[in-house]
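One structure is given here, and the rest of the page talks about it.
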Amino acid sequence: MKLLITGGAGYIGSVVAAQLVEAGHHVVVLDDLSTGHADAVPAGARFVHASLADAGDTLAEGGFDGVLHFAARSLVGESVERPDLYWAGNLGGTLMLLDAMRVHDVPRIVFSSTAATYGEPERTPIEETDPTRPTNPYGASKLAVDTALSAFSEMYGLAAVSLRYFNVAGAHTGEDGRVYRERHTVETHLIPRVLAVALGEGDSVSVFGDDYPTPDGTCIRDYIHVGDLARAHLLALAACAGNRHTIYNLGNGTGFSVHEVISVCREVTGHPIPAVTRPRRAGDPAVLVASSARIQRDLGWKPERPGLHDIVSDAWRALR
Ligand code: UFG
């Protein structure tokens, strides 16, 4: 297929782009490099340095079979402080992209949605049919896109799949030996922050709250390997047909607390990694764990590296 990957110079988008190139697809990456890196675009993909507003110029070439849409802002805290950026970028930008897809007859889209669409869950593991009550503009903007996709699918025959990511981590090695890893300028994610301390950047890691209603008092999350997450996109693309919008959760179904993650990082790195308890971070739900039963059943997705030790080991190896 001829595919446009928006945000393909970012962490997750670049891994998916690499796997699509390896699978023999014709890949065009569109990225404005606001958070991505041009050197993350895999060899074999064409790179267009442009924003979502200009995606139509590329789609106008014709012949595109689908879009995989990663380009977005994704920091929960920033979204609370600057909701304008999140509504304009994540919803406004996507509506421009969808419009360009209609104009240029692109029949399918795989969209990066998020666990943040659910907000504070009533139960875990979370299923796709559970209520969506986002607690921040990031989750709300992604949920708005999911809602738009359902309507576009019904009215305009767009085939759409939304993948709701839980906590993505680890690094991926391509068939050519190239390593793809998380390289955020502002790093807020737990695993890279803990590994940075092991590398000597900072004296200790902050634990944001130890008074949650969980066994050790710290937040529990469902960590998924970026390589496993990426493979789900290839399955979603193959299944994306007709005027249907399907939503799938992507996680491993097992939760780990912040303390458990730090402990696995100590094992993997052999570094003591001091931890200091700090106040809770605004908007953090106590427990987020996915049921991925739907994508396993419908698309046969099966994680190859579901263990937290493997996820952390791959992230650590990529840093050294
Ligand atoms: N945490 C710390 N110390 C840190 C960093 C994080 O204690 O230095 C804690 C957080 O408070 C949270 C857990 O570690 O309890 C995981 O935090 P991350 O920032 O790694 O991930 P989040 O669960 O906050 O966010 C992820 C994605 C978001 C998505 C969200 C869904 O990064 O894009 O899951 O809820 F919205």
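In the structure tokens, the first chain shown is A, the next is B, and so on; residue numbers restart at 1 for each chain, and ligands run from 1 in the order shown.
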- Query: Could you write out, as JSON, numbers by chain, all the residues of segment 136-270 of chain A that DSSP marks as alpha helix (DSSP H)?
  - Reply: {"A": [137, 138, 139, 140, 141, 142, 143, 144, 145, 146, 147, 148, 149, 150, 151, 152, 153, 154, 155, 156, 190, 191, 192, 193, 194, 195, 196, 197, 198, 226, 227, 228, 229, 230, 231, 232, 233, 234, 235, 236, 237, 238, 239, 258, 259, 260, 261, 262, 263, 264, 265, 266, 267, 268, 269]}
Could the residues in this selection be written to a file with C-alpha atoms, as a short mmCIF file (atom, residue, chain, number, x, y, z; two decimals), in the first residue's frame?
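This is the output file result-v5.cif:
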```
data_model
loop_
_atom_site.label_atom_id
_atom_site.label_comp_id
_atom_site.auth_asym_id
_atom_site.auth_seq_id
_atom_site.Cartn_x
_atom_site.Cartn_y
_atom_site.Cartn_z
CA PRO A 137 -7.82 18.44 27.36
CA TYR A 138 -5.35 15.92 25.91
CA GLY A 139 -7.75 13.01 26.48
CA ALA A 140 -10.75 15.15 25.50
CA SER A 141 -9.16 16.20 22.19
CA LYS A 142 -8.34 12.58 21.31
CA LEU A 143 -11.86 11.46 22.24
CA ALA A 144 -13.30 14.20 20.01
CA VAL A 145 -11.33 12.76 17.09
CA ASP A 146 -12.64 9.27 17.87
CA THR A 147 -16.17 10.70 17.79
CA ALA A 148 -15.51 12.48 14.48
CA LEU A 149 -14.10 9.28 12.97
CA SER A 150 -17.30 7.38 13.80
CA ALA A 151 -19.39 10.04 12.07
CA PHE A 152 -17.08 10.28 9.02
CA SER A 153 -17.06 6.55 8.73
CA GLU A 154 -20.84 6.35 8.75
CA MET A 155 -21.49 9.30 6.44
CA TYR A 156 -18.51 9.26 4.07
CA LEU A 190 8.41 7.27 34.09
CA ILE A 191 10.73 4.67 32.54
CA PRO A 192 13.01 7.08 30.62
CA ARG A 193 13.16 9.35 33.66
CA VAL A 194 14.20 6.50 35.93
CA LEU A 195 16.80 5.26 33.42
CA ALA A 196 18.18 8.81 33.10
CA VAL A 197 19.02 8.71 36.83
CA ALA A 198 20.83 5.40 36.29
CA VAL A 226 6.71 -0.11 21.46
CA GLY A 227 7.52 -2.97 19.04
CA ASP A 228 4.38 -4.90 20.06
CA LEU A 229 2.30 -1.73 19.87
CA ALA A 230 3.66 -0.98 16.40
CA ARG A 231 2.79 -4.46 15.09
CA ALA A 232 -0.82 -3.86 16.08
CA HIS A 233 -0.88 -0.98 13.56
CA LEU A 234 0.00 -3.31 10.69
CA LEU A 235 -2.81 -5.66 11.72
CA ALA A 236 -5.22 -2.73 12.09
CA LEU A 237 -4.29 -1.44 8.65
CA ALA A 238 -4.91 -4.84 7.06
CA ALA A 239 -8.31 -5.07 8.76
CA VAL A 258 5.70 3.23 40.22
CA HIS A 259 7.75 1.49 42.94
CA GLU A 260 7.66 -1.80 41.01
CA VAL A 261 8.86 -0.04 37.84
CA ILE A 262 11.76 1.58 39.72
CA SER A 263 12.65 -1.77 41.25
CA VAL A 264 12.78 -3.47 37.81
CA CYS A 265 14.94 -0.57 36.56
CA ARG A 266 17.35 -1.17 39.49
CA GLU A 267 17.56 -4.87 38.57
CA VAL A 268 18.18 -4.15 34.89
CA THR A 269 20.73 -1.36 35.36
#
```
- Name the residues in contact with Asn252 of chain A at a cut-off of 8 Å, using only C-alpha atoms, excluding same-chain residues fewer than 6 positions from it; report them as a list in words.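 The contact residues come out as Asp222, Tyr223, Ile224, Val289, Ala290, Ser291, Ser292, Pro303 and Pro306 of chain A.
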- Message: Just want the residues within 8 Å of ligand 1, written as a PyMOL selection string, counting only C-alpha atoms and all ligand atoms.
- Response: chain A and resi 74-76+114-119+138-139+165-168+188-191+193-194+205-209+218-221+257-258+280-281+284-286+288
- Query: Separation of atom CA of Asp54 of chain A and atom CA of Leu68 of chain A, in Å?
  - Reply: 15.7 Å
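Close contacts of Ala17 of chain A, defined as residues with an atom at most 9 Å away when counting only C-alpha atoms, with chain neighbours fewer than 2 positions off set aside, comprise Ile5, Gly8, Ala9, Ile12, Gly13, Ser14, Val15, Gln19, Leu20, Val21, Glu22, Val27, Val28, Val29, Val41, Pro42, Ala45 and Ala230 of chain A.
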Would you write out those residues with all heavy atoms, as a compact mmCIF listing (two decimals), in the first residue's frame?
```
# COMPACT_ATOMS: atom_id res chain seq x y z
N ILE A 5 2.31 8.60 6.78
CA ILE A 5 2.45 8.45 8.23
C ILE A 5 2.68 9.85 8.79
O ILE A 5 3.79 10.40 8.67
CB ILE A 5 3.69 7.60 8.61
CG1 ILE A 5 3.90 6.45 7.66
CG2 ILE A 5 3.62 7.15 10.08
CD1 ILE A 5 3.05 5.28 7.89
N GLY A 8 5.60 10.61 11.74
CA GLY A 8 6.48 9.45 11.54
C GLY A 8 7.93 9.71 11.93
O GLY A 8 8.77 8.81 11.81
N ALA A 9 8.22 10.94 12.41
CA ALA A 9 9.58 11.21 12.91
C ALA A 9 9.60 11.16 14.44
O ALA A 9 10.61 11.47 15.06
CB ALA A 9 10.06 12.58 12.42
N ILE A 12 6.80 6.68 18.45
CA ILE A 12 5.97 5.54 18.02
C ILE A 12 5.83 5.54 16.49
O ILE A 12 5.96 4.49 15.85
CB ILE A 12 4.59 5.59 18.70
CG1 ILE A 12 4.76 5.51 20.23
CG2 ILE A 12 3.69 4.46 18.20
CD1 ILE A 12 3.50 5.80 21.03
N GLY A 13 5.61 6.71 15.90
CA GLY A 13 5.42 6.79 14.46
C GLY A 13 6.62 6.26 13.68
O GLY A 13 6.46 5.59 12.65
N SER A 14 7.83 6.51 14.19
CA SER A 14 9.02 6.04 13.45
C SER A 14 9.14 4.52 13.51
O SER A 14 9.59 3.89 12.55
CB SER A 14 10.29 6.71 13.98
OG SER A 14 10.52 6.38 15.33
N VAL A 15 8.73 3.91 14.63
CA VAL A 15 8.80 2.44 14.73
C VAL A 15 7.78 1.82 13.77
O VAL A 15 8.07 0.85 13.06
CB VAL A 15 8.54 1.96 16.18
CG1 VAL A 15 8.49 0.44 16.25
CG2 VAL A 15 9.63 2.49 17.11
N GLN A 19 8.50 -0.61 10.49
CA GLN A 19 7.88 -1.93 10.27
C GLN A 19 7.10 -1.97 8.95
O GLN A 19 7.07 -3.00 8.27
CB GLN A 19 6.95 -2.28 11.43
CG GLN A 19 7.72 -2.55 12.74
CD GLN A 19 6.83 -3.08 13.85
OE1 GLN A 19 5.62 -3.24 13.68
NE2 GLN A 19 7.42 -3.36 15.00
N LEU A 20 6.50 -0.85 8.58
CA LEU A 20 5.75 -0.81 7.31
C LEU A 20 6.70 -0.88 6.11
O LEU A 20 6.41 -1.56 5.12
CB LEU A 20 4.91 0.48 7.23
CG LEU A 20 3.69 0.52 8.15
CD1 LEU A 20 3.12 1.94 8.23
CD2 LEU A 20 2.59 -0.44 7.67
N VAL A 21 7.84 -0.19 6.21
CA VAL A 21 8.84 -0.27 5.13
C VAL A 21 9.33 -1.71 5.01
O VAL A 21 9.40 -2.27 3.91
CB VAL A 21 10.03 0.70 5.40
CG1 VAL A 21 11.18 0.43 4.43
CG2 VAL A 21 9.58 2.16 5.30
N GLU A 22 9.64 -2.33 6.16
CA GLU A 22 10.12 -3.72 6.16
C GLU A 22 9.08 -4.67 5.54
O GLU A 22 9.43 -5.67 4.92
CB GLU A 22 10.44 -4.18 7.58
CG GLU A 22 11.75 -3.58 8.11
CD GLU A 22 11.91 -3.71 9.64
OE1 GLU A 22 11.10 -4.43 10.27
OE2 GLU A 22 12.84 -3.09 10.18
N VAL A 27 6.11 4.08 1.87
CA VAL A 27 5.83 4.93 3.03
C VAL A 27 6.30 6.37 2.82
O VAL A 27 7.46 6.62 2.46
CB VAL A 27 6.53 4.34 4.29
CG1 VAL A 27 6.39 5.28 5.47
CG2 VAL A 27 5.94 2.97 4.63
N VAL A 28 5.38 7.31 3.07
CA VAL A 28 5.71 8.73 3.07
C VAL A 28 5.46 9.26 4.48
O VAL A 28 4.37 9.11 5.01
CB VAL A 28 4.84 9.52 2.06
CG1 VAL A 28 5.22 11.00 2.07
CG2 VAL A 28 4.98 8.93 0.66
N VAL A 29 6.50 9.84 5.09
CA VAL A 29 6.37 10.39 6.44
C VAL A 29 6.16 11.90 6.34
O VAL A 29 6.92 12.59 5.66
CB VAL A 29 7.66 10.10 7.27
CG1 VAL A 29 7.72 10.96 8.52
CG2 VAL A 29 7.72 8.62 7.63
N VAL A 41 13.36 9.10 10.91
CA VAL A 41 12.59 8.57 9.77
C VAL A 41 13.39 7.41 9.18
O VAL A 41 14.57 7.57 8.88
CB VAL A 41 12.37 9.67 8.71
CG1 VAL A 41 11.66 9.11 7.48
CG2 VAL A 41 11.60 10.84 9.30
N PRO A 42 12.76 6.24 9.03
CA PRO A 42 13.54 5.09 8.57
C PRO A 42 14.02 5.23 7.13
O PRO A 42 13.36 5.90 6.32
CB PRO A 42 12.55 3.92 8.70
CG PRO A 42 11.22 4.52 8.76
CD PRO A 42 11.35 5.90 9.32
N ALA A 45 11.83 5.31 3.65
CA ALA A 45 10.61 6.13 3.67
C ALA A 45 10.97 7.50 3.12
O ALA A 45 12.08 7.98 3.31
CB ALA A 45 10.09 6.27 5.10
N ALA A 230 3.53 -1.31 17.82
CA ALA A 230 3.66 -0.98 16.40
C ALA A 230 3.07 -2.09 15.54
O ALA A 230 2.36 -1.80 14.56
CB ALA A 230 5.13 -0.75 16.06
```
- In Å, rounded to a single decimal, give me how far atom CA of Pro272 of chain A is from atom CA of Asp203 of chain A. 10.5 Å
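Nearest to Leu98 of chain A of all the residues A:Gly66, A:Gly170, A:Gly24, A:Pro213 is A:Gly66, counting only C-alpha atoms.
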- Task: Identify, on the basis of only C-alpha atoms, every residue whose closest approach to Thr6 of chain A does not exceed 10 Å; exclude the query and any residue fewer than 5 positions from it along the same chain; express the result as an NGL selection string.
- Result: :A and (13-14 or 17 or 28-32 or 48 or 50-52 or 55 or 67-72 or 97 or 111)
Take the residues just selected and output them with all heavy atoms as a CSV table (one decimal), in the first residue's frame.
```csv
chain,number,residue,atom,x,y,z
A,13,GLY,N,5.6,6.7,15.9
A,13,GLY,CA,5.4,6.8,14.5
A,13,GLY,C,6.6,6.3,13.7
A,13,GLY,O,6.5,5.6,12.7
A,14,SER,N,7.8,6.5,14.2
A,14,SER,CA,9.0,6.0,13.5
A,14,SER,C,9.1,4.5,13.5
A,14,SER,O,9.6,3.9,12.6
A,14,SER,CB,10.3,6.7,14.0
A,14,SER,OG,10.5,6.4,15.3
A,17,ALA,N,6.6,3.3,11.1
A,17,ALA,CA,7.1,3.5,9.7
A,17,ALA,C,8.1,2.5,9.3
A,17,ALA,O,8.1,1.9,8.2
A,17,ALA,CB,7.7,4.9,9.6
A,28,VAL,N,5.4,7.3,3.1
A,28,VAL,CA,5.7,8.7,3.1
A,28,VAL,C,5.5,9.3,4.5
A,28,VAL,O,4.4,9.1,5.0
A,28,VAL,CB,4.8,9.5,2.1
A,28,VAL,CG1,5.2,11.0,2.1
A,28,VAL,CG2,5.0,8.9,0.7
A,29,VAL,N,6.5,9.8,5.1
A,29,VAL,CA,6.4,10.4,6.4
A,29,VAL,C,6.2,11.9,6.3
A,29,VAL,O,6.9,12.6,5.7
A,29,VAL,CB,7.7,10.1,7.3
A,29,VAL,CG1,7.7,11.0,8.5
A,29,VAL,CG2,7.7,8.6,7.6
A,30,LEU,N,5.1,12.4,7.0
A,30,LEU,CA,4.9,13.8,7.1
A,30,LEU,C,5.0,14.2,8.6
A,30,LEU,O,4.4,13.7,9.5
A,30,LEU,CB,3.5,14.2,6.6
A,30,LEU,CG,3.1,15.6,6.7
A,30,LEU,CD1,2.5,16.1,5.3
A,30,LEU,CD2,2.1,15.9,7.7
A,31,ASP,N,5.9,15.2,8.8
A,31,ASP,CA,6.2,15.6,10.2
A,31,ASP,C,6.7,17.0,10.2
A,31,ASP,O,7.5,17.4,9.4
A,31,ASP,CB,7.3,14.7,10.8
A,31,ASP,CG,7.2,14.7,12.4
A,31,ASP,OD1,7.5,15.7,13.0
A,31,ASP,OD2,7.0,13.6,13.0
A,32,ASP,N,6.2,17.8,11.2
A,32,ASP,CA,6.6,19.2,11.3
A,32,ASP,C,7.9,19.4,12.2
A,32,ASP,O,8.4,20.5,12.4
A,32,ASP,CB,5.5,20.2,11.7
A,32,ASP,CG,5.1,19.9,13.2
A,32,ASP,OD1,5.7,19.1,13.8
A,32,ASP,OD2,4.2,20.6,13.6
A,48,VAL,N,8.6,14.2,4.2
A,48,VAL,CA,8.0,15.5,3.9
A,48,VAL,C,8.0,16.4,5.1
A,48,VAL,O,7.3,16.0,6.1
A,48,VAL,CB,6.6,15.4,3.3
A,48,VAL,CG1,6.1,16.8,2.9
A,48,VAL,CG2,6.6,14.5,2.0
A,50,ALA,N,6.4,19.0,6.9
A,50,ALA,CA,5.2,19.9,6.7
A,50,ALA,C,4.3,19.6,7.9
A,50,ALA,O,4.4,18.6,8.6
A,50,ALA,CB,4.5,19.5,5.4
A,51,SER,N,3.3,20.5,8.0
A,51,SER,CA,2.4,20.4,9.1
A,51,SER,C,1.1,19.7,8.6
A,51,SER,O,0.9,19.5,7.4
A,51,SER,CB,2.0,21.7,9.7
A,51,SER,OG,1.2,22.4,8.7
A,52,LEU,N,0.2,19.3,9.5
A,52,LEU,CA,-1.0,18.7,9.1
A,52,LEU,C,-1.8,19.5,8.2
A,52,LEU,O,-2.5,19.0,7.3
A,52,LEU,CB,-1.9,18.3,10.4
A,52,LEU,CG,-1.4,17.2,11.2
A,52,LEU,CD1,-2.3,17.1,12.4
A,52,LEU,CD2,-1.4,15.9,10.4
A,55,ALA,N,-1.0,18.7,4.7
A,55,ALA,CA,-1.0,17.3,4.3
A,55,ALA,C,-1.7,17.1,2.9
A,55,ALA,O,-1.3,16.2,2.2
A,55,ALA,CB,-1.8,16.4,5.4
A,67,VAL,N,-3.8,6.4,5.7
A,67,VAL,CA,-3.1,7.3,6.5
A,67,VAL,C,-2.9,6.7,7.9
A,67,VAL,O,-3.9,6.1,8.4
A,67,VAL,CB,-3.8,8.7,6.7
A,67,VAL,CG1,-3.1,9.6,7.7
A,67,VAL,CG2,-3.8,9.4,5.3
A,68,LEU,N,-1.8,6.7,8.5
A,68,LEU,CA,-1.6,6.4,9.9
A,68,LEU,C,-1.3,7.7,10.6
A,68,LEU,O,-0.2,8.3,10.3
A,68,LEU,CB,-0.5,5.3,10.1
A,68,LEU,CG,-0.9,3.9,9.5
A,68,LEU,CD1,-0.3,3.8,8.1
A,68,LEU,CD2,-0.5,2.8,10.4
A,69,HIS,N,-2.1,8.1,11.5
A,69,HIS,CA,-2.1,9.4,12.0
A,69,HIS,C,-1.6,9.5,13.5
A,69,HIS,O,-2.3,9.2,14.4
A,69,HIS,CB,-3.5,10.0,11.9
A,69,HIS,CG,-3.6,11.4,12.5
A,69,HIS,ND1,-2.6,12.3,12.4
A,69,HIS,CD2,-4.6,12.1,13.1
A,69,HIS,CE1,-2.9,13.5,12.9
A,69,HIS,NE2,-4.2,13.3,13.4
A,70,PHE,N,-0.3,9.8,13.6
A,70,PHE,CA,0.4,9.9,14.9
A,70,PHE,C,0.6,11.3,15.4
A,70,PHE,O,0.7,11.6,16.6
A,70,PHE,CB,1.8,9.2,14.9
A,70,PHE,CG,1.7,7.8,14.6
A,70,PHE,CD1,1.8,7.3,13.2
A,70,PHE,CD2,1.6,6.8,15.6
A,70,PHE,CE1,1.7,6.0,12.9
A,70,PHE,CE2,1.5,5.5,15.3
A,70,PHE,CZ,1.6,5.1,13.9
A,71,ALA,N,0.7,12.3,14.4
A,71,ALA,CA,1.1,13.6,14.8
A,71,ALA,C,0.1,14.2,15.8
A,71,ALA,O,-1.1,14.4,15.5
A,71,ALA,CB,1.1,14.5,13.5
A,72,ALA,N,0.6,14.6,16.9
A,72,ALA,CA,-0.2,15.2,18.0
A,72,ALA,C,0.6,15.7,19.1
A,72,ALA,O,1.8,15.3,19.2
A,72,ALA,CB,-1.2,14.1,18.5
A,97,LEU,N,-6.8,17.2,8.2
A,97,LEU,CA,-6.3,16.0,7.5
A,97,LEU,C,-7.4,15.2,7.0
A,97,LEU,O,-7.4,14.7,5.8
A,97,LEU,CB,-5.5,15.1,8.6
A,97,LEU,CG,-5.0,13.8,8.2
A,97,LEU,CD1,-3.9,13.9,7.1
A,97,LEU,CD2,-4.5,13.0,9.4
A,111,PHE,N,-5.7,5.5,13.6
A,111,PHE,CA,-5.5,6.7,14.5
A,111,PHE,C,-5.0,6.4,15.9
A,111,PHE,O,-5.4,5.4,16.5
A,111,PHE,CB,-6.9,7.4,14.6
A,111,PHE,CG,-6.9,8.6,15.6
A,111,PHE,CD1,-6.0,9.7,15.4
A,111,PHE,CD2,-7.6,8.5,16.8
A,111,PHE,CE1,-6.0,10.7,16.3
A,111,PHE,CE2,-7.6,9.6,17.7
A,111,PHE,CZ,-6.8,10.7,17.5
```
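Between atom CA of Asp65 of chain A and atom CA of Lys2 of chain A lies a distance of 5.4 Å.
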- Identify all residues of segment 188-230 of chain A in strand (DSSP E) (DSSP on the backbone) and supply them as a list in words.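 Put together, the selection reads Val205, Ser206, Val207, Phe208, Ile220, Arg221, Tyr223, Ile224 and His225 of chain A.
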Output for the residues just chosen: all heavy atoms as a compact mmCIF listing (two decimals), in the first residue's frame:
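Written output follows (again35.txt):
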```txt
# COMPACT_ATOMS: atom_id res chain seq x y z
N VAL A 205 14.98 9.88 41.40
CA VAL A 205 13.75 9.97 40.63
C VAL A 205 12.62 10.38 41.59
O VAL A 205 12.61 9.97 42.75
CB VAL A 205 13.45 8.63 39.91
CG1 VAL A 205 13.21 7.50 40.88
CG2 VAL A 205 12.28 8.77 38.97
N SER A 206 11.69 11.19 41.09
CA SER A 206 10.55 11.61 41.90
C SER A 206 9.44 10.58 41.77
O SER A 206 9.13 10.13 40.66
CB SER A 206 10.00 12.95 41.41
OG SER A 206 11.00 13.93 41.50
N VAL A 207 8.83 10.24 42.90
CA VAL A 207 7.64 9.38 42.90
C VAL A 207 6.47 10.31 43.20
O VAL A 207 6.39 10.87 44.30
CB VAL A 207 7.76 8.27 43.97
CG1 VAL A 207 6.46 7.49 44.06
CG2 VAL A 207 8.94 7.36 43.67
N PHE A 208 5.61 10.48 42.21
CA PHE A 208 4.52 11.45 42.37
C PHE A 208 3.35 10.85 43.15
O PHE A 208 2.40 10.35 42.56
CB PHE A 208 4.06 11.96 41.00
CG PHE A 208 5.13 12.71 40.25
CD1 PHE A 208 5.32 12.50 38.88
CD2 PHE A 208 5.95 13.63 40.89
CE1 PHE A 208 6.30 13.19 38.18
CE2 PHE A 208 6.94 14.33 40.20
CZ PHE A 208 7.12 14.10 38.84
N ILE A 220 -0.63 2.71 39.44
CA ILE A 220 -0.42 1.48 38.67
C ILE A 220 -0.73 1.74 37.19
O ILE A 220 -1.76 2.35 36.87
CB ILE A 220 -1.30 0.36 39.24
CG1 ILE A 220 -0.76 -0.01 40.64
CG2 ILE A 220 -1.36 -0.84 38.31
CD1 ILE A 220 -1.57 -1.07 41.36
N ARG A 221 0.19 1.29 36.33
CA ARG A 221 0.00 1.47 34.89
C ARG A 221 0.29 0.16 34.16
O ARG A 221 1.00 -0.71 34.67
CB ARG A 221 0.98 2.54 34.35
CG ARG A 221 0.70 3.95 34.87
CD ARG A 221 -0.56 4.51 34.25
NE ARG A 221 -0.85 5.87 34.68
CZ ARG A 221 -1.52 6.19 35.78
NH1 ARG A 221 -1.97 5.23 36.59
NH2 ARG A 221 -1.75 7.44 36.10
N TYR A 223 2.17 -1.26 31.06
CA TYR A 223 3.26 -0.89 30.14
C TYR A 223 3.29 -1.84 28.96
O TYR A 223 3.18 -3.06 29.12
CB TYR A 223 4.61 -0.89 30.89
CG TYR A 223 4.63 0.20 31.94
CD1 TYR A 223 4.14 -0.03 33.23
CD2 TYR A 223 5.05 1.50 31.63
CE1 TYR A 223 4.10 0.98 34.18
CE2 TYR A 223 5.01 2.52 32.57
CZ TYR A 223 4.54 2.25 33.84
OH TYR A 223 4.48 3.26 34.77
N ILE A 224 3.42 -1.28 27.77
CA ILE A 224 3.43 -2.08 26.53
C ILE A 224 4.66 -1.72 25.70
O ILE A 224 5.03 -0.55 25.58
CB ILE A 224 2.11 -1.89 25.74
CG1 ILE A 224 2.19 -2.59 24.37
CG2 ILE A 224 1.75 -0.43 25.54
CD1 ILE A 224 0.86 -2.65 23.64
N HIS A 225 5.29 -2.76 25.15
CA HIS A 225 6.52 -2.58 24.36
C HIS A 225 6.18 -1.88 23.03
O HIS A 225 5.22 -2.28 22.34
CB HIS A 225 7.14 -3.95 24.09
CG HIS A 225 8.55 -3.86 23.60
ND1 HIS A 225 8.88 -3.42 22.34
CD2 HIS A 225 9.71 -4.16 24.21
CE1 HIS A 225 10.19 -3.46 22.19
NE2 HIS A 225 10.73 -3.90 23.32
```
- Task: Select, from A:Tyr212, A:Ser79, A:Thr173, A:Glu187, the residue with the minimum atom-to-atom distance to Thr35 of chain A, counting only C-alpha atoms.
- Result: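 Going through A:Tyr212, A:Ser79, A:Thr173, A:Glu187 one by one, the smallest distance to Thr35 of chain A is for A:Glu187.
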- May I ask which of the residues A:Asp39, A:Tyr248, A:Asp310, A:Leu4 is the closest one to Tyr180 of chain A, counting only C-alpha atoms?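 Looking only at the distances to Tyr180 of chain A, the closest residue turns out to be A:Asp39.
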